[in-house]
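*Asks:* Pasting a structure here, questions to come.
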Amino acid sequence: MKYMSEYRDPELAKQYLEEIKNTVTQNWKVMEVCGGQTHSLVKNGIIDMLPKEVEMIHGPGCPVCVTPLHLIDKAIYLALEKNVILCSFGDMLRVPGADKSLLEAKAEGGDIRILYSPLEAVKIAEDNPDREIVFFAVGFETTAPANALSVIHAHRKGLKNYSILASHVLVPPAIENVMEDPDSHIDGFLAAGHVCTIMGNFEYYPLVEKYKVPIVVTGFEPLDVLQGILMVVRQLESNKAEVENQYARIVREEGNIEAQKIIYDVFEITDRLWRGMEVIPMSGYKVKEKYADFDATIKFDVNIPEAEENQDCIAGEIMKGIKKPFQCPEFGKKCKPTNPLGAPMVSTEGACAAYFHYSGLVEH
Amino acid sequence: MSEKKFVKMNVSCPMPKLDFDVITLGHGSGGVLTNKLLDSGVFDLLSNDILDERSDGAHIEMTGKLAFSTDSFIISPIFFPGGNIGELAVNGTVNDIAMCGASPKYLSLSFIIEEGLKMTEFWEILTAIKFACEKAGVQVVTGDTKVVEKGKGDKIFINTTGIGHIHPKANISERNIKTGDKIILSGNIASHGMAIMSVREGLEFESEILSDSTNLNHTTISLIEKFGNDIHLFTDPTRGGVATVLKEIANATKIGIELKQRNFPIDNQVEGACELLGLDPLYVANEGLFLSFVDGSIADEFLAHLNADENGKNATIIGEVVAEHPKQVILESSIGGKRVISMLPGEQLPRIC
């Protein structure tokens, strides 16, 4: 298929792999920040094709994994107790809350709808003036412009029945958090290409300066990922630590300025709790006061206790690359895709689910 | 939201003039309204000697080895690009019988209708059923209609049960699969699932993707006549897609399966739509598609024969049965890497980004 098959060419893949093998002389730990890259590594069988010196570590860039437990509980509460139409991206639905997932809440009668674009939710709000519509606005910088745009549209249309439950998180503070953790030893990063499509590359220069790690902005097709790995390894082997852009066909240095304007019109930067990790300062977006009417956390009085994470789940260590999923005692035992103890076992982008499928474990 | 209409074939039967526009609870009560509905043309449309008897059940005569199968059809939306629930209900059961190596002969047809369904829509579904039956060469010989209150159904649910003679040369069973068997896929994957997805509220996108719903019985019988017991298994990868079906077979028979991603036929638009939504086409539902496990020695000839058939134009050999890694399905990706194919924990959900 045009614009895809070019990036899945087996001959070129072989050449990149050869080049990586010829370049590497010692062991390196490379973190792919984004779950989409994890997915690509697993789906294309790349991990086993790499030389043993290059160890890929799954990063925290799985939006469904890092969405805090209490926010999922809030979404469920809104759907079941406040009679709202709760709209969400598909893969949030299976993520476990304290008692249940959105999928289970849907089965209990909650009006929960899977959408691909938050603008669809605005349309649902227009079509259902007697109902409250809440969009569960999760994700990294990538989905922030569309979610912000939905608020702007709803505002322009004068809608009083639309709001978003925002849980946006940001990549650079997460990389910083990983580097600051004394237990995590990452030598280089593949930064998330689509995040940089929006935000540009400039946020990464201070990070390479401070931590002396190469950061290569990388795409998602198999050849993108292989080329990104090669670029990181080349830097590491020549003792460099620079920002490089593998995904130059999409990512511009300054990013998408229009999209950034939309983000900053609606959102402001705030401290955010990352599920399984901790509160990372200035690591997320919240809705600005001028759009408070569209902020579901303000609009609805949701007083539910903050539940505690399952103590058996080591999601935080997994997402910082300190442990691999199979080092978790519950991996494939108590914790499986049909009965996840934590979010990384849910989405195809979650590290544990990816390892589970990849390892060919069979569910009975 | 009003439902869009999609016309696949340029065939229609004029709807008779009726004194009701929508189906109400009374039409399922067994009284005057039920008779009115059935006499309105339902019996005429599906008319055959057995149905025309209007007995409580069909009087039929069959001898020999038979295949018997039932399926219920619930789909939203009921009209989709390339078809509607009516032909789906016929083809689904016809194909289940065909996968047994049999020729479907008779069908039962039951409706559970949510009150408020427009008579024009019901008529369109019935017409699709009529033409699907004619194309497959089956007769509806008995049926039932129930109506449920608004909100207790989703427009219309259909159940069909079919019965047919197993071909004397057929020996279709998972037990016959052996190492060296080639696995042949009859056409493009994921078309039906993505056609439905393209019109589902919230995920709508512009496309010309059509469902591949069709009857496969003439194709499979022609293959059986030519290749007999060298065909070890037919199976149609409907729900869960090709990946799930193959994994189920590997688990049940303890065989190993190796697949090559680049041999999988897929329409460009379908592939693009799957990329857009983050769905793996290997797990997307199909309708007019079947997998064959055949003896390695006849694989090329089988493929040539299938390629000459309307339902097998795009057929390819996608993989083979191997002695290694029993119960495991291993896929070689387009770049040559390997991954294990497993079953999904539930429905595939579109990804965030």
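Naming works like this for the structure tokens: A, B, ... for the chains as they're shown, residue 1 at the start of each chain, ligands 1 onward in shown order.
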Could you tell me which residues of chain B sit within 7 Å of chain A when counting only C-alpha atoms, and give me the result as a PyMOL selection string?
*Replies:* chain B and resi 202-203+268+333-342+345+349-352
*Asks:* Do a neighbour search on range 293-303 of chain A at 10 Å with only C-alpha atoms, toss out local chain neighbours closer than 3 positions, and write the hits as a ChimeraX atom specification.
*Replies:* /A:71,73-75,77-78,81-82,133-136,150-152,154-155,159-166,266,286-290,306
*Asks:* Do you have the CA of Pro344 in chain A-CA of Asn310 in chain A distance handy?
*Replies:* 12.8 Å
*Asks:* DSSP on the backbone, helix (DSSP H, G or I) only: what residues of range 97-323 of chain A does that give? Format it as a PyMOL selection string.
*Replies:* chain A and resi 102-107+118-127+144-156+171-180+193-199+202-211+222-237+257-266+289-294+296-299+315-319
*Asks:* I need the residues in range 155-356 of chain A that are strand (DSSP E or B) according to DSSP; give them as a VMD selection string.
*Replies:* chain A and resid 162 to 169 188 to 192 215 to 218 243 to 245 267 to 273 279 to 287 295 331 335 to 336 339
*Asks:* With only C-alpha atoms as the counted atoms, please give the residues lying no more than 9 Å from Arg54 in chain B, apart from itself and same-chain residues fewer than 4 positions off, as a PyMOL selection string.
*Replies:* chain B and resi 43+50+58+142
*Asks:* Please produce a file of the residues just selected, as an mmCIF file, in the first residue's frame, where the atoms kept are C-alpha atoms.
*Replies:*
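Result file follows (part-v8.cif):
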data_model
loop_
_atom_site.group_PDB
_atom_site.id
_atom_site.type_symbol
_atom_site.label_atom_id
_atom_site.label_comp_id
_atom_site.auth_asym_id
_atom_site.auth_seq_id
_atom_site.Cartn_x
_atom_site.Cartn_y
_atom_site.Cartn_z
ATOM 1 C CA PHE B 43 -45.298 -16.057 1.987
ATOM 2 C CA ILE B 50 -43.131 -26.870 1.361
ATOM 3 C CA ALA B 58 -42.045 -28.231 7.403
ATOM 4 C CA THR B 142 -40.480 -22.793 8.029
#
